[in-house]
$ cat upload-v7.cif   # mmCIF, C-alpha atoms
data_run
#
loop_
_atom_site.label_atom_id
_atom_site.label_comp_id
_atom_site.auth_asym_id
_atom_site.auth_seq_id
_atom_site.Cartn_x
_atom_site.Cartn_y
_atom_site.Cartn_z
CA MET A 26 0.00 0.00 0.00
CA LYS A 27 2.85 2.35 0.84
CA LYS A 28 4.50 1.68 -2.50
CA HIS A 29 1.18 2.19 -4.20
CA LYS A 30 0.75 5.57 -2.50
CA GLN A 31 4.31 6.52 -3.42
CA TRP A 32 3.63 5.58 -7.04
CA ILE A 33 0.46 7.71 -7.12
CA PHE A 34 2.32 10.59 -5.48
CA ALA A 35 5.09 10.31 -8.09
CA VAL A 36 2.59 10.35 -10.93
CA LEU A 37 0.82 13.39 -9.48
CA THR A 38 4.14 15.17 -8.95
CA LEU A 39 5.17 14.44 -12.54
CA ALA A 40 1.79 15.64 -13.80
CA LEU A 41 2.02 18.86 -11.84
CA ALA A 42 5.58 19.40 -13.00
CA THR A 43 4.70 18.99 -16.65
CA ALA A 44 1.37 20.87 -16.53
CA PRO A 45 2.82 24.28 -17.53
CA PHE A 46 4.53 22.72 -20.54
CA THR A 47 1.39 20.83 -21.44
CA GLY A 48 -0.59 24.02 -21.26
CA LEU A 49 2.04 25.77 -23.31
CA LEU A 50 2.00 22.99 -25.83
CA TYR A 51 -1.78 23.14 -25.95
CA LYS A 52 -1.70 26.87 -26.29
CA THR A 53 1.08 26.64 -28.83
CA ASN A 54 -0.88 24.13 -30.82
CA GLY A 55 -3.92 26.34 -30.52
CA ALA A 56 -1.86 29.27 -31.71
CA VAL A 57 -0.48 27.27 -34.57
CA TYR A 58 -3.96 26.29 -35.56
CA ALA A 59 -5.19 29.83 -35.22
CA ASN A 60 -2.09 31.21 -36.81
CA GLN A 61 -2.40 28.87 -39.73
CA ASN A 62 -5.66 30.60 -40.46
CA ASN A 63 -4.62 34.00 -39.26
CA ASN A 64 -1.26 33.88 -41.01
CA ALA A 65 -2.96 32.79 -44.20
CA SER A 66 -5.37 35.66 -43.82
CA VAL A 67 -2.57 38.08 -43.01
CA MET A 68 -0.54 36.73 -45.88
CA MET A 69 -3.46 37.13 -48.27
CA GLU A 70 -4.15 40.62 -47.00
CA SER A 71 -0.49 41.46 -47.26
CA THR A 72 -0.28 40.05 -50.77
CA LEU A 73 -3.41 41.89 -51.83
CA SER A 74 -2.26 45.16 -50.39
CA GLU A 75 1.11 44.72 -52.03
CA LYS A 76 -0.61 44.00 -55.33
CA GLU A 77 -2.92 46.92 -54.88
CA ALA A 78 0.07 49.11 -54.24
CA LEU A 79 2.01 47.62 -57.13
CA PRO A 80 1.53 49.78 -60.23
CA ALA A 81 1.42 48.19 -63.66
CA PHE A 82 3.19 51.29 -64.89
CA GLY A 83 4.49 54.20 -62.85
CA THR A 84 2.98 55.46 -59.61
CA VAL A 85 1.48 58.68 -61.01
CA PRO A 86 -2.22 58.50 -62.02
CA LEU A 87 -2.82 58.89 -65.75
CA ARG A 88 -5.52 61.10 -67.20
CA VAL A 89 -6.33 63.25 -70.24
CA GLY A 90 -3.25 65.33 -70.97
CA SER A 91 -0.77 62.76 -69.66
CA SER A 92 1.96 61.58 -72.00
CA GLY A 93 5.07 59.47 -72.09
CA GLN A 94 6.06 55.85 -71.51
CA ASP A 95 3.26 55.15 -69.01
CA VAL A 96 0.62 56.18 -71.55
CA TYR A 97 2.41 54.10 -74.20
CA GLU A 98 2.05 51.05 -71.95
CA LEU A 99 -1.54 51.92 -71.08
CA GLN A 100 -2.53 52.15 -74.74
CA GLY A 101 -0.66 48.94 -75.55
CA ARG A 102 -2.39 46.96 -72.83
CA LEU A 103 -5.82 48.36 -73.70
CA LYS A 104 -5.27 47.53 -77.36
CA HIS A 105 -4.16 44.02 -76.38
CA LEU A 106 -7.61 43.54 -74.81
CA GLY A 107 -9.47 45.18 -77.69
CA TYR A 108 -10.65 48.28 -75.83
CA TYR A 109 -8.42 50.72 -77.72
CA ASP A 110 -8.05 50.95 -81.48
CA GLY A 111 -6.11 54.18 -81.93
CA ALA A 112 -2.42 54.78 -82.52
CA ILE A 113 -0.08 54.00 -79.66
CA ASP A 114 1.31 57.51 -79.59
CA SER A 115 1.92 57.93 -75.84
CA GLN A 116 -0.64 60.77 -75.73
CA PHE A 117 -3.64 60.42 -73.38
CA GLY A 118 -6.50 61.94 -75.36
CA THR A 119 -10.25 61.46 -75.60
CA LYS A 120 -9.95 58.15 -77.43
CA THR A 121 -7.70 56.76 -74.72
CA LYS A 122 -10.07 58.02 -72.02
CA ASN A 123 -13.04 56.31 -73.71
CA ALA A 124 -11.08 53.06 -73.82
CA VAL A 125 -10.14 53.42 -70.14
CA THR A 126 -13.74 54.17 -69.18
CA TRP A 127 -14.98 51.13 -71.08
CA PHE A 128 -12.37 48.92 -69.40
CA GLN A 129 -13.26 50.28 -65.96
CA TRP A 130 -16.96 49.56 -66.39
CA LYS A 131 -16.29 46.06 -67.62
CA PHE A 132 -14.07 45.32 -64.62
CA GLY A 133 -16.30 46.89 -61.98
CA ILE A 134 -14.19 49.97 -61.30
CA GLU A 135 -15.49 53.52 -61.03
CA ALA A 136 -15.55 54.66 -64.65
CA ASP A 137 -13.92 58.06 -64.25
CA GLY A 138 -11.36 57.70 -67.06
CA ILE A 139 -8.49 58.21 -64.60
CA VAL A 140 -5.93 55.42 -64.39
CA GLY A 141 -5.11 55.06 -60.71
CA ALA A 142 -3.75 52.14 -58.69
CA LYS A 143 -6.90 49.99 -58.91
CA THR A 144 -7.23 50.40 -62.66
CA LYS A 145 -3.54 49.70 -63.13
CA LEU A 146 -3.79 46.52 -61.07
CA LYS A 147 -6.84 45.25 -62.97
CA LEU A 148 -5.23 46.08 -66.29
CA TYR A 149 -1.94 44.48 -65.29
CA ASN A 150 -3.64 41.24 -64.17
CA ALA A 151 -5.73 41.15 -67.36
CA THR A 152 -2.75 41.65 -69.68
CA LYS A 153 0.08 39.58 -68.25
CA ALA A 154 0.74 38.20 -71.72
CA TRP A 155 1.18 41.68 -73.19
CA LYS A 156 4.61 42.61 -74.49
CA PRO A 157 5.68 46.12 -75.59
CA THR A 158 6.29 45.22 -79.21
CA GLU A 159 5.32 48.54 -80.80
CA ALA A 160 8.40 50.71 -80.86
CA SER A 161 6.92 53.78 -82.49
CA THR A 162 3.69 55.41 -83.56
CA SER A 163 4.21 54.40 -87.18
CA THR A 164 4.81 50.81 -86.18
CA ALA A 165 1.78 50.91 -83.94
CA GLN A 166 -0.38 52.09 -86.79
CA LYS A 167 0.84 49.29 -89.00
CA THR A 168 0.39 46.55 -86.44
CA GLY A 169 -2.70 47.81 -84.66
CA THR A 170 -5.17 46.03 -86.93
CA SER A 171 -3.39 42.69 -86.96
CA GLU A 172 -3.24 42.58 -83.16
CA ASN A 173 -7.02 42.62 -82.88
CA THR A 174 -7.90 40.19 -85.64
CA GLY A 175 -8.05 37.30 -83.24
CA THR A 176 -10.78 38.75 -81.05
CA SER A 177 -14.09 36.95 -80.78
CA ASN A 178 -16.24 39.52 -82.57
CA SER A 179 -13.97 40.36 -85.50
CA ALA A 180 -15.42 37.69 -87.78
CA GLU A 181 -18.96 38.88 -87.14
CA LEU A 182 -18.45 42.63 -87.37
CA THR A 183 -16.31 43.16 -90.44
CA SER A 184 -18.46 45.21 -92.81
CA GLY A 185 -17.70 48.41 -90.95
CA ASP A 186 -14.51 48.72 -92.96
CA ALA A 187 -16.53 50.24 -95.81
CA MET A 188 -17.40 53.15 -93.51
CA GLY A 189 -13.94 53.31 -92.00
CA LEU A 190 -15.23 52.20 -88.60
CA SER A 191 -12.92 50.71 -86.00
CA GLU A 192 -13.40 47.34 -84.37
CA ASN A 193 -14.10 49.03 -81.05
CA ASP A 194 -16.78 51.18 -82.69
CA LEU A 195 -18.49 48.02 -83.88
CA LYS A 196 -18.18 46.43 -80.46
CA ILE A 197 -19.65 49.41 -78.67
CA MET A 198 -22.49 49.47 -81.21
CA ALA A 199 -23.34 45.89 -80.23
CA ASN A 200 -23.22 46.94 -76.58
CA ALA A 201 -25.55 49.86 -77.32
CA VAL A 202 -28.01 47.69 -79.23
CA TYR A 203 -28.06 45.17 -76.40
CA GLY A 204 -28.34 47.79 -73.67
CA GLU A 205 -31.04 49.77 -75.45
CA SER A 206 -33.17 47.12 -77.13
CA ARG A 207 -32.42 43.56 -76.06
CA GLY A 208 -36.12 42.96 -75.35
CA GLU A 209 -37.18 44.24 -78.77
CA PRO A 210 -37.81 42.21 -81.94
CA PHE A 211 -34.79 41.68 -84.16
CA GLU A 212 -36.04 44.29 -86.64
CA GLY A 213 -36.16 46.82 -83.80
CA GLN A 214 -32.61 45.99 -82.76
CA VAL A 215 -31.38 46.49 -86.32
CA ALA A 216 -33.26 49.80 -86.38
CA VAL A 217 -31.42 50.98 -83.25
CA ALA A 218 -28.09 50.11 -84.89
CA ALA A 219 -29.21 51.92 -88.04
CA VAL A 220 -30.07 55.06 -86.04
CA ILE A 221 -26.51 55.10 -84.70
CA LEU A 222 -25.11 54.84 -88.24
CA ASN A 223 -27.55 57.49 -89.49
CA ARG A 224 -26.24 59.85 -86.84
CA VAL A 225 -22.65 59.13 -87.85
CA LYS A 226 -23.57 60.13 -91.41
CA SER A 227 -25.41 63.25 -90.26
CA PRO A 228 -23.49 66.55 -90.02
CA ASN A 229 -25.30 67.28 -86.75
CA PHE A 230 -23.72 64.43 -84.77
CA PRO A 231 -20.25 63.06 -83.97
CA LYS A 232 -18.50 61.26 -86.81
CA THR A 233 -17.97 57.89 -85.10
CA PRO A 234 -20.33 55.40 -83.46
CA SER A 235 -18.52 55.68 -80.15
CA GLY A 236 -18.81 59.47 -80.37
CA VAL A 237 -22.52 59.21 -81.11
CA ILE A 238 -23.16 56.68 -78.35
CA PHE A 239 -21.23 58.55 -75.67
CA GLN A 240 -22.60 61.96 -76.59
CA PRO A 241 -23.99 63.31 -73.29
CA GLY A 242 -27.66 62.49 -72.81
CA ALA A 243 -27.96 60.64 -76.10
CA PHE A 244 -28.60 57.07 -74.92
CA THR A 245 -30.26 55.76 -71.78
CA ALA A 246 -27.99 52.72 -71.72
CA VAL A 247 -24.98 54.97 -71.26
CA ALA A 248 -26.64 56.88 -68.43
CA ASP A 249 -27.60 53.77 -66.46
CA GLY A 250 -24.50 51.72 -67.26
CA GLN A 251 -26.22 49.05 -69.36
CA ILE A 252 -23.97 50.02 -72.26
CA TYR A 253 -21.31 47.87 -70.61
CA LEU A 254 -23.36 44.68 -70.45
CA GLU A 255 -21.92 41.90 -72.61
CA PRO A 256 -23.95 41.82 -75.85
CA ASN A 257 -25.44 38.58 -77.10
CA GLU A 258 -25.21 37.07 -80.56
CA GLN A 259 -28.46 38.67 -81.71
CA ALA A 260 -27.22 42.17 -80.89
CA ARG A 261 -24.03 41.56 -82.88
CA LYS A 262 -26.06 40.24 -85.82
CA ALA A 263 -28.29 43.31 -85.65
CA VAL A 264 -25.24 45.55 -85.96
CA GLN A 265 -24.00 43.48 -88.89
CA GLN A 266 -27.34 43.78 -90.67
CA ALA A 267 -27.29 47.55 -90.23
CA LEU A 268 -23.73 47.67 -91.54
CA ASN A 269 -24.89 45.64 -94.53
CA GLY A 270 -27.43 48.36 -95.36
CA TRP A 271 -30.67 47.28 -93.74
CA ASP A 272 -32.38 50.28 -92.13
CA PRO A 273 -35.80 49.34 -90.72
CA SER A 274 -36.09 52.85 -89.25
CA GLY A 275 -36.33 54.43 -92.70
CA GLY A 276 -33.44 56.82 -92.15
CA CYS A 277 -34.41 58.01 -88.65
CA ILE A 278 -31.97 59.64 -86.27
CA TYR A 279 -34.08 59.41 -83.12
CA TYR A 280 -36.19 56.83 -81.33
CA PHE A 281 -37.90 56.66 -77.95
CA ASN A 282 -40.13 54.50 -75.81
CA PRO A 283 -43.43 56.36 -75.28
CA LYS A 284 -43.99 54.53 -71.97
CA THR A 285 -40.77 55.78 -70.40
CA ALA A 286 -39.90 58.97 -72.31
CA THR A 287 -39.63 62.05 -70.09
CA SER A 288 -38.63 64.57 -72.75
CA LYS A 289 -41.45 66.63 -74.22
CA TRP A 290 -39.17 67.67 -77.06
CA ILE A 291 -38.88 64.15 -78.46
CA TRP A 292 -42.64 64.07 -79.04
CA SER A 293 -42.27 67.02 -81.41
CA ARG A 294 -40.10 65.06 -83.84
CA PRO A 295 -41.76 63.75 -87.03
CA GLN A 296 -42.61 60.12 -86.33
CA VAL A 297 -41.89 57.60 -89.09
CA LYS A 298 -42.79 54.20 -87.67
CA THR A 299 -43.17 52.09 -84.55
CA ILE A 300 -41.21 48.88 -84.09
CA GLY A 301 -41.87 46.99 -80.90
CA GLN A 302 -41.83 49.44 -78.00
CA HIS A 303 -39.89 52.15 -79.87
CA ILE A 304 -41.13 55.01 -82.00
CA PHE A 305 -38.58 56.03 -84.64
CA CYS A 306 -38.55 59.63 -85.77
CA MET A 307 -36.61 62.25 -87.70
#

$ encode --input "upload-v7.cif" --output "structure tokens"
Amino acid sequence: MKKHKQWIFAVLTLALATAPFTGLLYKTNGAVYANQNNNASVMMESTLSEKEALPAFGTVPLRVGSSGQDVYELQGRLKHLGYYDGAIDSQFGTKTKNAVTWFQWKFGIEADGIVGAKTKLKLYNATKAWKPTEASTSTAQKTGTSENTGTSNSAELTSGDAMGLSENDLKIMANAVYGESRGEPFEGQVAVAAVILNRVKSPNFPKTPSGVIFQPGAFTAVADGQIYLEPNEQARKAVQQALNGWDPSGGCIYYFNPKTATSKWIWSRPQVKTIGQHIFCM
């Protein structure tokens, strides 16, 4: 019995002696477990913040009026994605701003046309395969078309060449048709595309589809952001039909939905025909 008590006492003594280390080990294991999650979280946050801080170009925001190597890279990356079709001339003008704005909307960034850290990061991650192959403006002009021939819509929207339209003009037309009239019959969608082309031909409107579409107050889809929804196949076909010469509107340069129109002025325009929910007028 005495030996038994001594053995129990020894075990208790050993247990008490090792308790702090056991607790430490338990706590350490708990910390490791927690830290595995926490460290992963911290690591992710650290990586993200480093990426967010990492510019794809220089650290200075780019905007209209900027110039130099950063703008050269900006234009090159935007052209690589098909958002920019102009010359890579290192000059940040209206065309570059429109391309930036389009890219920002597509990638869920505030579409202010200013290339800050977030836009640079998104653009960098979207164009990791881009290489600065265009050494000069003249080279850029020569190679600009061939770089975009592999894009998904080029085979469908090719007839714009007869009007001298750019690939991006044709793409934004499809976006406009989809944003403005995706619930309309096909004839009505072609008519919307035709109205855009009729405005391009008119001396009273901008000379490009993108200019017409982004003219302030011209299209509801631009105002509410639906211009940046991905167009479907029918919208692209509608643009192609309009480019091929079909004009269901009969030469109109305006249209409106009488159920939603808020402008009294539009009702004063000579009405030509109604297609679906839209009234087309001169």

$ atom_distance --input "upload-v7.cif" --atom1 "atom CA of Gly90 of chain A" --atom2 "atom CA of Gly141 of chain A"
14.6 Å

$ closest_residue --input "upload-v7.cif" --among "A:Tyr97, A:Asn223, A:Gly189, A:Tyr280" --to "Ala112 of chain A" --atoms "all atoms listed in the file"
A:Tyr97

$ closest_residue --input "upload-v7.cif" --among "A:Ile304, A:Thr285, A:Ala218, A:Leu99" --to "Asn269 of chain A" --atoms "all atoms listed in the file"
A:Ala218

$ resolve_selection --input "upload-v7.cif" --expression "the PyMOL selection byres ((chain A and resi 286-292) around 12)" --output "number ranges by chain"
A: 242-245, 278-285, 293-297, 302-307

$ resolve_selection --input "upload-v7.cif" --expression "the PyMOL selection byres ((chain A and resi 92) around 6)" --output "PDB file with C-alpha atoms, in the frame of the given file"
ATOM      1  CA  SER A  91      -0.770  62.760 -69.660  1.00  0.00           C
ATOM      2  CA  GLY A  93       5.070  59.470 -72.090  1.00  0.00           C
ATOM      3  CA  VAL A  96       0.620  56.180 -71.550  1.00  0.00           C
ATOM      4  CA  SER A 115       1.920  57.930 -75.840  1.00  0.00           C
ATOM      5  CA  GLN A 116      -0.640  60.770 -75.730  1.00  0.00           C
ATOM      6  CA  PHE A 117      -3.640  60.420 -73.380  1.00  0.00           C
TER       7      PHE A 117
END

$ closest_residue --input "upload-v7.cif" --among "A:Ala154, A:Lys262, A:Pro241, A:Glu98" --to "Ile113 of chain A" --atoms "all atoms listed in the file"
A:Glu98

$ atom_distance --input "upload-v7.cif" --atom1 "atom CA of Asn200 of chain A" --atom2 "atom CA of Tyr149 of chain A"
24.2 Å

$ atom_distance --input "upload-v7.cif" --atom1 "atom CA of Asn193 of chain A" --atom2 "atom CA of Pro228 of chain A"
21.8 Å

$ closest_atom_pairs --input "upload-v7.cif" --of "segment 112-133 of chain A" --to "segment 250-253 of chain A" --cutoff "8 Å" --atoms "only C-alpha atoms" --output "CSV"
residue,atom,partner,partner_atom,distance
A:Trp127,CA,A:Tyr253,CA,7.1
A:Trp130,CA,A:Tyr253,CA,6.3
A:Lys131,CA,A:Tyr253,CA,6.1

$ closest_residue --input "upload-v7.cif" --among "A:Ala201, A:His105, A:Leu190, A:Glu135" --to "Pro256 of chain A" --atoms "only C-alpha atoms"
A:Ala201

$ resolve_selection --input "upload-v7.cif" --expression "the PyMOL selection byres ((chain A and resi 197) around 12)" --output "ChimeraX atom specification"
/A:107-109,123-124,127-128,178,182,190-196,198-205,218,221,233-239,246-247,251-256,260-261,264

$ closest_residue --input "upload-v7.cif" --among "A:Gln265, A:Gly213, A:Thr121, A:Asp110" --to "Val89 of chain A" --atoms "all atoms listed in the file"
A:Thr121

$ residues_around --input "upload-v7.cif" --residues "Pro210 of chain A" --least-positions-apart "4" --cutoff "8 Å" --atoms "all atoms listed in the file" --output "short mmCIF file (atom, residue, chain, number, x, y, z; two decimals) with C-alpha atoms, in the frame of the given file"
data_model
loop_
_atom_site.label_atom_id
_atom_site.label_comp_id
_atom_site.auth_asym_id
_atom_site.auth_seq_id
_atom_site.Cartn_x
_atom_site.Cartn_y
_atom_site.Cartn_z
CA GLN A 214 -32.61 45.99 -82.76
CA ILE A 300 -41.21 48.88 -84.09
CA GLY A 301 -41.87 46.99 -80.90
#

$ build_atoms --input "upload-v7.cif" --residues "segment 208-219 of chain A" --atoms "all heavy atoms" --output "PDB file, in the coordinates of the input"
ATOM      1  N   GLY A 208     -34.796  43.565 -75.441  1.00  0.00           N
ATOM      2  CA  GLY A 208     -36.120  42.960 -75.350  1.00  0.00           C
ATOM      3  C   GLY A 208     -36.983  43.204 -76.573  1.00  0.00           C
ATOM      4  O   GLY A 208     -38.137  42.756 -76.627  1.00  0.00           O
ATOM      5  N   GLU A 209     -36.422  43.890 -77.565  1.00  0.00           N
ATOM      6  CA  GLU A 209     -37.180  44.240 -78.770  1.00  0.00           C
ATOM      7  C   GLU A 209     -37.060  43.154 -79.835  1.00  0.00           C
ATOM      8  O   GLU A 209     -36.128  42.332 -79.801  1.00  0.00           O
ATOM      9  CB  GLU A 209     -36.653  45.563 -79.336  1.00  0.00           C
ATOM     10  CG  GLU A 209     -36.855  46.757 -78.428  1.00  0.00           C
ATOM     11  CD  GLU A 209     -38.326  47.061 -78.218  1.00  0.00           C
ATOM     12  OE1 GLU A 209     -39.039  47.255 -79.218  1.00  0.00           O
ATOM     13  OE2 GLU A 209     -38.765  47.075 -77.051  1.00  0.00           O
ATOM     14  N   PRO A 210     -37.964  43.151 -80.822  1.00  0.00           N
ATOM     15  CA  PRO A 210     -37.810  42.210 -81.940  1.00  0.00           C
ATOM     16  C   PRO A 210     -36.530  42.513 -82.702  1.00  0.00           C
ATOM     17  O   PRO A 210     -35.979  43.620 -82.615  1.00  0.00           O
ATOM     18  CB  PRO A 210     -39.051  42.470 -82.794  1.00  0.00           C
ATOM     19  CG  PRO A 210     -39.514  43.833 -82.408  1.00  0.00           C
ATOM     20  CD  PRO A 210     -39.159  43.993 -80.957  1.00  0.00           C
ATOM     21  N   PHE A 211     -36.051  41.530 -83.456  1.00  0.00           N
ATOM     22  CA  PHE A 211     -34.790  41.680 -84.160  1.00  0.00           C
ATOM     23  C   PHE A 211     -34.798  42.898 -85.079  1.00  0.00           C
ATOM     24  O   PHE A 211     -33.814  43.643 -85.161  1.00  0.00           O
ATOM     25  CB  PHE A 211     -34.473  40.419 -84.968  1.00  0.00           C
ATOM     26  CG  PHE A 211     -33.139  40.465 -85.661  1.00  0.00           C
ATOM     27  CD1 PHE A 211     -31.965  40.487 -84.934  1.00  0.00           C
ATOM     28  CD2 PHE A 211     -33.072  40.500 -87.048  1.00  0.00           C
ATOM     29  CE1 PHE A 211     -30.719  40.518 -85.567  1.00  0.00           C
ATOM     30  CE2 PHE A 211     -31.844  40.536 -87.686  1.00  0.00           C
ATOM     31  CZ  PHE A 211     -30.671  40.546 -86.947  1.00  0.00           C
ATOM     32  N   GLU A 212     -35.921  43.129 -85.755  1.00  0.00           N
ATOM     33  CA  GLU A 212     -36.040  44.290 -86.640  1.00  0.00           C
ATOM     34  C   GLU A 212     -35.809  45.587 -85.849  1.00  0.00           C
ATOM     35  O   GLU A 212     -35.147  46.514 -86.328  1.00  0.00           O
ATOM     36  CB  GLU A 212     -37.414  44.316 -87.290  1.00  0.00           C
ATOM     37  CG  GLU A 212     -37.619  45.504 -88.230  1.00  0.00           C
ATOM     38  CD  GLU A 212     -39.038  45.585 -88.769  1.00  0.00           C
ATOM     39  OE1 GLU A 212     -39.884  44.778 -88.330  1.00  0.00           O
ATOM     40  OE2 GLU A 212     -39.302  46.464 -89.615  1.00  0.00           O
ATOM     41  N   GLY A 213     -36.341  45.642 -84.633  1.00  0.00           N
ATOM     42  CA  GLY A 213     -36.160  46.820 -83.800  1.00  0.00           C
ATOM     43  C   GLY A 213     -34.722  47.011 -83.360  1.00  0.00           C
ATOM     44  O   GLY A 213     -34.242  48.143 -83.228  1.00  0.00           O
ATOM     45  N   GLN A 214     -34.019  45.909 -83.137  1.00  0.00           N
ATOM     46  CA  GLN A 214     -32.610  45.990 -82.760  1.00  0.00           C
ATOM     47  C   GLN A 214     -31.766  46.490 -83.935  1.00  0.00           C
ATOM     48  O   GLN A 214     -30.852  47.302 -83.756  1.00  0.00           O
ATOM     49  CB  GLN A 214     -32.119  44.635 -82.271  1.00  0.00           C
ATOM     50  CG  GLN A 214     -32.798  44.187 -80.987  1.00  0.00           C
ATOM     51  CD  GLN A 214     -32.213  42.903 -80.437  1.00  0.00           C
ATOM     52  OE1 GLN A 214     -31.045  42.590 -80.642  1.00  0.00           O
ATOM     53  NE2 GLN A 214     -33.033  42.148 -79.715  1.00  0.00           N
ATOM     54  N   VAL A 215     -32.080  46.006 -85.127  1.00  0.00           N
ATOM     55  CA  VAL A 215     -31.380  46.490 -86.320  1.00  0.00           C
ATOM     56  C   VAL A 215     -31.662  47.982 -86.513  1.00  0.00           C
ATOM     57  O   VAL A 215     -30.770  48.762 -86.879  1.00  0.00           O
ATOM     58  CB  VAL A 215     -31.803  45.705 -87.578  1.00  0.00           C
ATOM     59  CG1 VAL A 215     -31.110  46.268 -88.829  1.00  0.00           C
ATOM     60  CG2 VAL A 215     -31.461  44.228 -87.426  1.00  0.00           C
ATOM     61  N   ALA A 216     -32.889  48.389 -86.233  1.00  0.00           N
ATOM     62  CA  ALA A 216     -33.260  49.800 -86.380  1.00  0.00           C
ATOM     63  C   ALA A 216     -32.464  50.683 -85.426  1.00  0.00           C
ATOM     64  O   ALA A 216     -32.054  51.792 -85.788  1.00  0.00           O
ATOM     65  CB  ALA A 216     -34.763  49.970 -86.143  1.00  0.00           C
ATOM     66  N   VAL A 217     -32.225  50.215 -84.204  1.00  0.00           N
ATOM     67  CA  VAL A 217     -31.420  50.980 -83.250  1.00  0.00           C
ATOM     68  C   VAL A 217     -29.987  51.129 -83.780  1.00  0.00           C
ATOM     69  O   VAL A 217     -29.401  52.219 -83.738  1.00  0.00           O
ATOM     70  CB  VAL A 217     -31.418  50.302 -81.869  1.00  0.00           C
ATOM     71  CG1 VAL A 217     -30.369  50.928 -80.959  1.00  0.00           C
ATOM     72  CG2 VAL A 217     -32.798  50.410 -81.231  1.00  0.00           C
ATOM     73  N   ALA A 218     -29.434  50.038 -84.309  1.00  0.00           N
ATOM     74  CA  ALA A 218     -28.090  50.110 -84.890  1.00  0.00           C
ATOM     75  C   ALA A 218     -28.071  51.064 -86.081  1.00  0.00           C
ATOM     76  O   ALA A 218     -27.113  51.827 -86.273  1.00  0.00           O
ATOM     77  CB  ALA A 218     -27.628  48.715 -85.316  1.00  0.00           C
ATOM     78  N   ALA A 219     -29.134  51.044 -86.871  1.00  0.00           N
ATOM     79  CA  ALA A 219     -29.210  51.920 -88.040  1.00  0.00           C
ATOM     80  C   ALA A 219     -29.282  53.384 -87.626  1.00  0.00           C
ATOM     81  O   ALA A 219     -28.698  54.256 -88.281  1.00  0.00           O
ATOM     82  CB  ALA A 219     -30.436  51.550 -88.886  1.00  0.00           C
TER      83      ALA A 219
END
